[in-house]
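Have a look at the structure below, then the notes.
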Amino acid sequence: MNPVRMQFVREKVLEITREEHGEEAVKGGNPLQGLDILDVGCGGGLLSESLARLGAHTVGIDASESNIAIASSHASADPRLSADSSRPSSKGSLVYRHISAEEILKEQKRFDVVCSMEVLEHVDNPAGFISSCAELLKPGGHLFLSTIARTPLSYVLTILVAEHILRKVTPGTHTHSKYINPSELISFFSKYRSPSDEEGMSWITRTYEHGLPMRTEAEVRGMVYIPWKGQWMLTPRGASGWGTTHCNYLFWVRKP
Amino acid sequence: MSLSSTSSRVFRFASKKGISSPLLQVGRNISTTTSATHHEELDVVIVGGGPAGLALASALGASQAVRESLRITLVEASDLSKVRDWDPHASAFSNRVSSLTNNSRHFLKDVGAWDHVEVSRTSPVEEMQVWDGISDARITFSASELDPEPTMNPGETRQMARLTENLNLQRALLRHIATLSEVRLLDNVKVHLIQQEEREGGGGWPLVHLSDGRVLRTRLLVGADGFNSPVRSYAGISSYGWAYDTQAVVATLSHAPRSAFQAPNTVKYQRFLPTGPIAFLPLSPTVSSLVWSTKPALAAALVKSDPMILTSMINAAFRLPEVSMRHLHRFILETGASLTPIQIQEEITWRERSHDIDRHSAYASATSDVVAAGIPSHDSDMLPPLVASIQPGTVASFPLRFNHADAYIGEGEGSRTVLVGDAAHTIHPLAGQGLNMGLGDVESLARCIQEAVLQGGDIGSHTALSPYAQERYFENHKIMSAVDKLHKLYSSTLEPVVWARSVGLEVLNEFDFVKAAIMMNAGAYSVRGNPAADATGWAMAAKGVEGLATGAATAKIVGQGIVGMVGIGVQNLLRTMGTPNQQK
Ligand SMILES: Cc1cc2nc3c(=O)[nH]c(=O)nc-3n(C[C@H](O)[C@H](O)[C@H](O)COP(=O)(O)OP(=O)(O)OC[C@H]3O[C@@H](n4cnc5c(N)ncnc54)[C@H](O)[C@@H]3O)c2cc1C
Ligand SMILES: C[S@@+](CC[C@H](N)C(=O)[O-])C[C@H]1O[C@@H](n2cnc3c(N)ncnc32)[C@H](O)[C@@H]1O
């Protein structure tokens, strides 16, 4: 799943950067170069590593100490991710910290991009968690979330099949009632105002028919597994067909 | 496959033969001492500087994103300066020649390597004639008739493939790589040991020990190291295959130019004898290359014999009825080393007379009057020109085998490894596909690596590499089994099989295999890049399928463009190709 998540992050940041600063702003088609990125709930660190390889100053945080240990050990095999790399082209960096989103918010540092992939469905207070992620952004920053929609399809695929039939995931890992739908995220950010800036704009100012937001404010893309390719694919933009955002999906929103 | 008993996996390659246990002992000692020694950090180590390895280095270096973010080193045991400085006389040709499909050529062109090929030393294949050694049933394909595709260069003729000396290609790749300062070549050094780095919890990267004492630690280890692939052994990938009871005799042939009344020397001829196919591959108006697959004993006798004997035998093998070829084979083996060129010439003369072969026919070789007469016989385009002599030092033979690795990507303790080219698959050369399959692998793997780099992926990971295996494994498997079936089918002298090969409806079905060989030769079968956007599609016309046994059974087969064939399996494809409007 990681390549398609990276594809979405990279392409969305690239699209916005090009629109605002022109073609020349993005050197070598790599928009993440030099950005400060926070990966919340980094787990084993797959996404953090990829972000760092693309030149981002990446901080991976996780509430679980053992996950941070696993992620650090994995990255230490890779000379490109270690701090003392002599590689000239590697301008990125990677730091892991055992800290929660809520705790790191108390520090001063803010980020150009905050990612939190496959975390939302595990947290008890999603609204509070999403606000913490949102507040960790600099103005104009990008928030990327990925999670599972609360649909009959997601129940079958993630709970019935993955937990109870295949036993790939420990039963109890997922709670279907915790799943959040794309429309709920859109409506959350339509009303959302930063606590620091109560008078400010909401993050999503308008939506079109079918509740789709403006391409420059927010976007939802489904992730589907194509068994014969053995790969995950992004569903096309604006696609609302059955299955496209009915299970795993990515969400992007921009801080005004 | 043997594993060392310690926690680190150690493979030592004393020779191409692979691993032997006393050396493993040494390897283990090394591993304990080298854990402390200095090693160099790399992203890609390619083992093998054959066509596949060099093409991969070339393709990776041609991508800016890859070049800027990965450190790439290729290791080759032999001396590459011999290839780099290869500068033969214009009329002298190497005996290792490959028929590069249009797909392969387009790929090399995109990468920027084809521009370094000395094109004047290559020859287009504009037509192919393939016939059954026993029934004489024949199929002819021509690229010129219905080819809608503009050629790569204006002024270039439409072609099914381009015959290119392997050295010409390898030298071009080396020249291209020389323009890419980021790609490092290490030659005259052998990989003699590969071990997995010891790490707590596993997941150690491959450590590649070179014969000069250097140790390379690499994110991804590519096995482009040929049939006896040390990387494949390290990866713990087993393979499936066998040796054919067949050797391929190769040689560079000199002959008179075709006359003004004849088609130019751009026709590839291949006759399927029960002992194996004999192929004539044009290189220039007066030089062509031989690939003659035959029984090992006969191959050995031919290689050792006086070049004039081989010359006579080649001419006969394209012409004499199969019964007489069988007698000639026996004659050569029985007479042994004492055989003289005169004796074989007399034997062939006698056989031509007894078969009533007209001196003026192209089917006459020993008794031929054709050259003297100056005017070509009516059947001269059915056969290659008469071979006059063999270029000295070009006769050699190779064992033929079928081998397919069980996987292209290493897993578990052998992870961070990937196989391309002959390391992954070895096939019978009858369809001229070995190298083309390797180039297809390289194109796919290079694209896969570039994709992963662009997404910030770890190019050594299974996730990053799996699209490559997905794309290539089944594709190669299909080609390999069709080629293998073709070999087996034509090795048969069983009467029903031969009958089926030549008569009635069956001829068309069985000819599917011949067509498979031809289609694959032409590269029309494999699909490169984005099929829909790819304009490599070309239609071709078979001038006719002529079963001599039925005489009248002539069929017209019109091929369709590649775009229409995308995604159709070989059998389906051939079914489409093989439904001519045959009059019953
Ligand atoms: C008679 C004959 C005719 C053929 N005709 C055709 C044809 O018409 N068309 C076609 O497409 N194909 C043809 N082929 C097949 C083609 O030649 C091969 O597929 C091709 O050469 C394979 O290239 P490769 O780079 O994968 O392997 P190789 O050419 O085998 O290269 C492997 C390289 O790895 C190096 N190496 C191995 N071990 C080590 C080590 N431990 N350390 C360092 N280096 C190492 C070797 O020195 C070698 O240079 C033919 C083959 C034969 C036998
Ligand atoms: C399913 S894992 C996802 C891992 C990783 N992002 C990925 O997609 O591969 C969810 C992770 O989120 C972490 N997590 C949950 N709530 C968190 C919070 N409030 N702050 C930081 N990490 C949290 C958990 O410890 C767990 O490692």
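Chain identifiers are assigned as A, B, and so on, following the order in which chains appear in the structure tokens; residues are numbered from 1 within each chain, and ligands are numbered from 1 in order of appearance.
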
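Non-sequential neighbours of A:Asn67 (distance at most 12 Å, separation of 5 or more positions within a chain, only C-alpha atoms) are Gly41, Cys42, Gly43, Gly44, Gly45, Leu46, Gly60, Ile61, Asp62, Ser72, Ser73, His74, Tyr96, Arg97, His98 and Ile99 of chain A.
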
Using only C-alpha atoms, determine which residues of chain A fall within 8 Å of chain B; present them as number ranges by chain. A: 3, 6-7, 10, 28, 30, 49-54, 77-79, 89-90, 229-231

Put those residues in a file: C-alpha atoms, as a short mmCIF file (atom, residue, chain, number, x, y, z; two decimals), in the first residue's frame.
data_model
loop_
_atom_site.label_atom_id
_atom_site.label_comp_id
_atom_site.auth_asym_id
_atom_site.auth_seq_id
_atom_site.Cartn_x
_atom_site.Cartn_y
_atom_site.Cartn_z
CA PRO A 3 3.74 3.11 -3.05
CA MET A 6 3.45 7.98 -1.51
CA GLN A 7 2.18 8.59 -5.00
CA ARG A 10 3.85 13.42 -3.82
CA GLY A 28 13.51 17.59 -10.59
CA ASN A 30 10.44 16.26 -6.40
CA GLU A 49 11.53 6.13 5.24
CA SER A 50 10.08 6.91 1.82
CA LEU A 51 9.50 10.55 2.77
CA ALA A 52 13.08 10.89 3.96
CA ARG A 53 14.43 9.29 0.78
CA LEU A 54 12.62 11.92 -1.22
CA ALA A 77 20.28 -0.77 8.01
CA ASP A 78 19.95 1.93 5.40
CA PRO A 79 22.94 4.24 5.07
CA SER A 89 22.14 13.93 -3.00
CA SER A 90 20.49 12.92 0.23
CA LYS A 229 -1.48 -7.14 -10.38
CA GLY A 230 -0.66 -7.77 -6.77
CA GLN A 231 -0.69 -4.01 -6.28
#

Would you mind listing the residues within 7 Å of ligand 1, counting only C-alpha atoms and all ligand atoms, as a PyMOL selection string? chain B and resi 13+16+47-53+75-78+96-100+189-192+224-230+248-250+291+397-400+420-423+426+429+432-438

Excluding A:Ile204 and any residue of its chain fewer than 5 positions from it, enumerate the residues within 10 Å of it, using only C-alpha atoms, and give them as a PyMOL selection string. chain A and resi 186-193+213-214+216-218+253-256

Please find the residues contacting ligand 2 at a distance of at most 10 Å between atoms, with only C-alpha atoms and all ligand atoms counted, and report them as a ChimeraX atom specification. /A:1-2,5,39-48,60-68,97-104,115-126,128-130,132-133,145-147,173-174

Can you list every residue in stretch 284-521 of chain B that DSSP puts in alpha helix (DSSP H), as a ChimeraX atom specification? /B:296-304,307-319,322-335,341-354,370-373,434-454,462-490,495-502,504-521
